[in-house]
>>> print(open('coords_36.cif').read())   # mmCIF, C-alpha atoms and all ligand atoms
data_structure
#
loop_
_atom_site.group_PDB
_atom_site.id
_atom_site.type_symbol
_atom_site.label_atom_id
_atom_site.label_comp_id
_atom_site.auth_asym_id
_atom_site.auth_seq_id
_atom_site.Cartn_x
_atom_site.Cartn_y
_atom_site.Cartn_z
ATOM 1 C CA MET A 1 -3.103 13.044 -32.244
ATOM 2 C CA PRO A 2 -2.481 9.272 -32.665
ATOM 3 C CA SER A 3 -4.096 7.522 -35.618
ATOM 4 C CA PRO A 4 -7.180 5.391 -34.850
ATOM 5 C CA VAL A 5 -5.179 2.195 -35.494
ATOM 6 C CA LYS A 6 -2.372 3.243 -33.141
ATOM 7 C CA LYS A 7 -4.978 4.179 -30.549
ATOM 8 C CA LEU A 8 -6.589 0.732 -30.866
ATOM 9 C CA VAL A 9 -3.235 -1.057 -30.495
ATOM 10 C CA HIS A 10 -2.514 1.084 -27.443
ATOM 11 C CA MET A 11 -5.835 0.062 -25.880
ATOM 12 C CA ILE A 12 -5.300 -3.631 -26.572
ATOM 13 C CA ARG A 13 -1.888 -3.599 -24.926
ATOM 14 C CA ARG A 14 -3.129 -1.859 -21.796
ATOM 15 C CA ALA A 15 -2.978 -4.147 -18.754
ATOM 16 C CA LYS A 16 -6.324 -5.512 -17.602
ATOM 17 C CA PRO A 17 -7.725 -4.196 -14.327
ATOM 18 C CA LEU A 18 -6.862 -6.213 -11.236
ATOM 19 C CA THR A 19 -9.185 -8.958 -10.091
ATOM 20 C CA HIS A 20 -10.423 -8.848 -6.505
ATOM 21 C CA ASP A 21 -7.922 -11.558 -5.473
ATOM 22 C CA GLU A 22 -4.995 -9.813 -7.167
ATOM 23 C CA GLY A 23 -5.908 -6.565 -5.415
ATOM 24 C CA MET A 24 -6.239 -8.263 -2.024
ATOM 25 C CA LYS A 25 -2.768 -9.795 -2.413
ATOM 26 C CA ILE A 26 -1.226 -6.348 -2.922
ATOM 27 C CA LEU A 27 -3.181 -4.832 -0.019
ATOM 28 C CA ALA A 28 -2.081 -7.709 2.245
ATOM 29 C CA ARG A 29 1.560 -7.358 1.130
ATOM 30 C CA ASP A 30 1.402 -3.640 2.042
ATOM 31 C CA HIS A 31 -0.391 -4.391 5.355
ATOM 32 C CA PHE A 32 -3.509 -2.503 4.172
ATOM 33 C CA ARG A 33 -1.640 0.778 4.566
ATOM 34 C CA CYS A 34 -1.549 3.547 1.957
ATOM 35 C CA GLN A 35 2.025 3.616 0.689
ATOM 36 C CA TYR A 36 1.740 7.366 0.009
ATOM 37 C CA CYS A 37 0.213 8.934 3.140
ATOM 38 C CA GLY A 38 0.280 5.978 5.548
ATOM 39 C CA LEU A 39 -3.490 5.740 6.108
ATOM 40 C CA ASP A 40 -4.152 2.479 7.973
ATOM 41 C CA GLY A 41 -6.889 0.518 6.214
ATOM 42 C CA THR A 42 -7.331 -1.740 9.251
ATOM 43 C CA ALA A 43 -7.973 1.100 11.729
ATOM 44 C CA SER A 44 -11.674 1.435 10.880
ATOM 45 C CA PHE A 45 -14.325 0.343 8.398
ATOM 46 C CA GLU A 46 -14.256 3.865 6.903
ATOM 47 C CA ASN A 47 -10.517 3.552 6.293
ATOM 48 C CA ALA A 48 -10.988 0.085 4.779
ATOM 49 C CA LEU A 49 -13.438 1.597 2.280
ATOM 50 C CA MET A 50 -10.693 4.023 1.216
ATOM 51 C CA MET A 51 -8.212 1.366 0.144
ATOM 52 C CA THR A 52 -7.370 0.836 -3.510
ATOM 53 C CA VAL A 53 -4.422 -0.517 -5.461
ATOM 54 C CA ASP A 54 -2.426 2.003 -7.486
ATOM 55 C CA PHE A 55 -0.511 1.264 -10.685
ATOM 56 C CA ILE A 56 2.717 3.243 -10.096
ATOM 57 C CA ILE A 57 3.142 3.499 -13.864
ATOM 58 C CA PRO A 58 -0.510 3.939 -14.876
ATOM 59 C CA ARG A 59 -2.210 1.364 -17.077
ATOM 60 C CA ALA A 60 -2.953 4.187 -19.504
ATOM 61 C CA LEU A 61 0.822 4.616 -19.911
ATOM 62 C CA LYS A 62 1.321 0.875 -20.405
ATOM 63 C CA GLY A 63 2.114 0.181 -16.768
ATOM 64 C CA LYS A 64 2.218 -3.545 -16.159
ATOM 65 C CA LYS A 65 0.052 -5.615 -13.852
ATOM 66 C CA ASP A 66 3.168 -6.662 -11.974
ATOM 67 C CA PRO A 67 3.469 -6.587 -8.154
ATOM 68 C CA ARG A 68 6.521 -4.305 -8.515
ATOM 69 C CA ASN A 69 4.272 -1.770 -10.262
ATOM 70 C CA LEU A 70 1.444 -2.005 -7.721
ATOM 71 C CA VAL A 71 1.015 -0.452 -4.269
ATOM 72 C CA ALA A 72 -1.756 -0.071 -1.723
ATOM 73 C CA ALA A 73 -3.117 3.469 -1.893
ATOM 74 C CA CYS A 74 -6.049 5.306 -0.343
ATOM 75 C CA ARG A 75 -8.528 6.796 -2.797
ATOM 76 C CA PRO A 76 -7.467 10.430 -2.231
ATOM 77 C CA CYS A 77 -3.785 9.627 -2.871
ATOM 78 C CA ASN A 78 -4.691 7.525 -5.895
ATOM 79 C CA LEU A 79 -6.829 10.382 -7.239
ATOM 80 C CA ILE A 80 -4.107 12.993 -6.652
ATOM 81 C CA LYS A 81 -1.506 10.842 -8.388
ATOM 82 C CA GLY A 82 -3.869 10.285 -11.320
ATOM 83 C CA ARG A 83 -2.202 9.442 -14.608
ATOM 84 C CA HIS A 84 1.021 11.309 -13.984
ATOM 85 C CA HIS A 85 4.167 9.495 -14.931
ATOM 86 C CA PHE A 86 7.005 9.174 -12.446
ATOM 87 C CA HIS A 87 10.315 7.409 -12.817
ATOM 88 C CA THR A 88 10.372 6.050 -9.294
ATOM 89 C CA PHE A 89 7.894 5.385 -6.527
ATOM 90 C CA GLU A 90 9.696 7.961 -4.334
ATOM 91 C CA GLU A 91 9.117 10.608 -6.997
ATOM 92 C CA ALA A 92 5.408 9.703 -7.107
ATOM 93 C CA LYS A 93 5.186 9.754 -3.318
ATOM 94 C CA ASN A 94 6.782 13.210 -3.085
ATOM 95 C CA TYR A 95 4.340 14.540 -5.666
ATOM 96 C CA VAL A 96 1.311 13.064 -3.880
ATOM 97 C CA LEU A 97 2.377 14.285 -0.439
ATOM 98 C CA GLN A 98 3.140 17.811 -1.696
ATOM 99 C CA HIS A 99 -0.261 18.023 -3.373
ATOM 100 C CA ARG A 100 -2.018 16.632 -0.297
ATOM 101 C CA GLU A 101 -0.339 19.293 1.817
ATOM 102 C CA ALA A 102 -1.334 22.086 -0.606
ATOM 103 C CA LYS A 103 -4.941 20.801 -0.546
ATOM 104 C CA ARG A 104 -4.870 20.626 3.262
ATOM 105 C CA GLN A 105 -3.719 24.241 3.533
ATOM 106 C CA GLU A 106 -6.461 25.300 1.100
ATOM 107 C CA TRP A 107 -9.006 23.370 3.184
ATOM 108 C CA GLU A 108 -7.812 25.042 6.396
ATOM 109 C CA LYS A 109 -8.273 28.475 4.823
ATOM 110 C CA ASN A 110 -11.773 27.581 3.644
ATOM 111 C CA VAL A 111 -12.792 26.113 6.989
ATOM 112 C CA ALA A 112 -11.470 29.166 8.836
ATOM 113 C CA ALA A 113 -13.552 31.395 6.524
ATOM 114 C CA VAL A 114 -16.688 29.305 7.111
ATOM 115 C CA ARG A 115 -16.138 29.341 10.877
ATOM 116 C CA SER A 116 -15.635 33.097 11.029
ATOM 117 C CA GLN A 117 -18.838 33.578 8.979
ATOM 118 C CA LYS A 118 -20.712 31.384 11.463
ATOM 119 C CA ALA A 119 -19.261 33.324 14.390
ATOM 120 C CA THR A 120 -20.489 36.675 13.023
ATOM 121 C CA ALA A 121 -23.895 35.380 11.848
HETATM 122 ZN ZN ZN A 201 -3.085 7.910 1.073
#
>>> encode(input="coords_36.cif", output="structure tokens", more="lines below")
Ligand SMILES: [Zn+2]
Amino acid sequence: MPSPVKKLVHMIRRAKPLTHDEGMKILARDHFRCQYCGLDGTASFENALMMTVDFIIPRALKGKKDPRNLVAACRPCNLIKGRHHFHTFEEAKNYVLQHREAKRQEWEKNVAAVRSQKATA
């Protein structure tokens, strides 16, 4: 458990959140496409609402507000990645895609169960 002073220093050094303009620059650079799953933020309004900017090294782990540390990401991918630390973007991407796939398989099982319940009701 870090001391209260260390904790305070840690918080002060954390990068500030992105401004709207800073975020838009990253989204434009990445063509409004999630760099993890490829979701196209320009395909529909619903997709546009999904777009966020991800700190590859999270702010909580002292990740910098530097374009090299920032990528366009949809909310689900950003949520799955969370505050995990990865050494490279490829490592982060593999993690996110594996977890998305596991969640998709779980969803398919659940939907199949719901559908079979409906069919017998
Ligand atoms: Zn995504």
>>> atom_distance(input="coords_36.cif", atom1="atom CA of A:Met51", atom2="atom CA of A:Cys74")
4.5 Å
>>> resolve_selection(input="coords_36.cif", expression="the PyMOL selection byres (((chain A and resi 61) around 9) and not hetatm)", output="number ranges by chain")
A: 10, 14, 57-60, 62-63, 83-85
>>> residues_near_ligand(input="coords_36.cif", ligand="ligand ZN 201 (chain A)", cutoff="8 Å", atoms="all atoms listed in the file", output="PyMOL selection string")
chain A and resi 34-39+73-78
>>> atom_distance(input="coords_36.cif", atom1="atom CA of A:Phe55", atom2="atom CA of A:Ala92")
10.9 Å
>>> residues_around(input="coords_36.cif", residues="A:Lys93", least_positions_apart="3", cutoff="10 Å", atoms="all atoms listed in the file", output="PDB file with C-alpha atoms, in the coordinates of the input")
ATOM      1  CA  GLN A  35       2.025   3.616   0.689  1.00  0.00           C
ATOM      2  CA  TYR A  36       1.740   7.366   0.009  1.00  0.00           C
ATOM      3  CA  CYS A  37       0.213   8.934   3.140  1.00  0.00           C
ATOM      4  CA  ILE A  56       2.717   3.243 -10.096  1.00  0.00           C
ATOM      5  CA  CYS A  77      -3.785   9.627  -2.871  1.00  0.00           C
ATOM      6  CA  LYS A  81      -1.506  10.842  -8.388  1.00  0.00           C
ATOM      7  CA  PHE A  86       7.005   9.174 -12.446  1.00  0.00           C
ATOM      8  CA  THR A  88      10.372   6.050  -9.294  1.00  0.00           C
ATOM      9  CA  PHE A  89       7.894   5.385  -6.527  1.00  0.00           C
ATOM     10  CA  GLU A  90       9.696   7.961  -4.334  1.00  0.00           C
ATOM     11  CA  VAL A  96       1.311  13.064  -3.880  1.00  0.00           C
ATOM     12  CA  LEU A  97       2.377  14.285  -0.439  1.00  0.00           C
ATOM     13  CA  GLN A  98       3.140  17.811  -1.696  1.00  0.00           C
ATOM     14  CA  HIS A  99      -0.261  18.023  -3.373  1.00  0.00           C
TER      15      HIS A  99
END
>>> axis_aligned_box(input="coords_36.cif", around="stretch 102-120 of chain A", padding_each_side="4 Å", output="lines of an AutoDock Vina configuration file")
center_x = -11.0
center_y = 28.7
center_z = 6.9
size_x = 27.4
size_y = 24.0
size_z = 23.0
>>> atom_distance(input="coords_36.cif", atom1="atom CA of A:Glu101", atom2="atom CA of A:Asn47")
19.3 Å
>>> closest_residue(input="coords_36.cif", among="A:Asn110, A:Thr52, A:Ser116, A:Thr42", to="A:Gly23", atoms="all atoms listed in the file")
A:Thr52
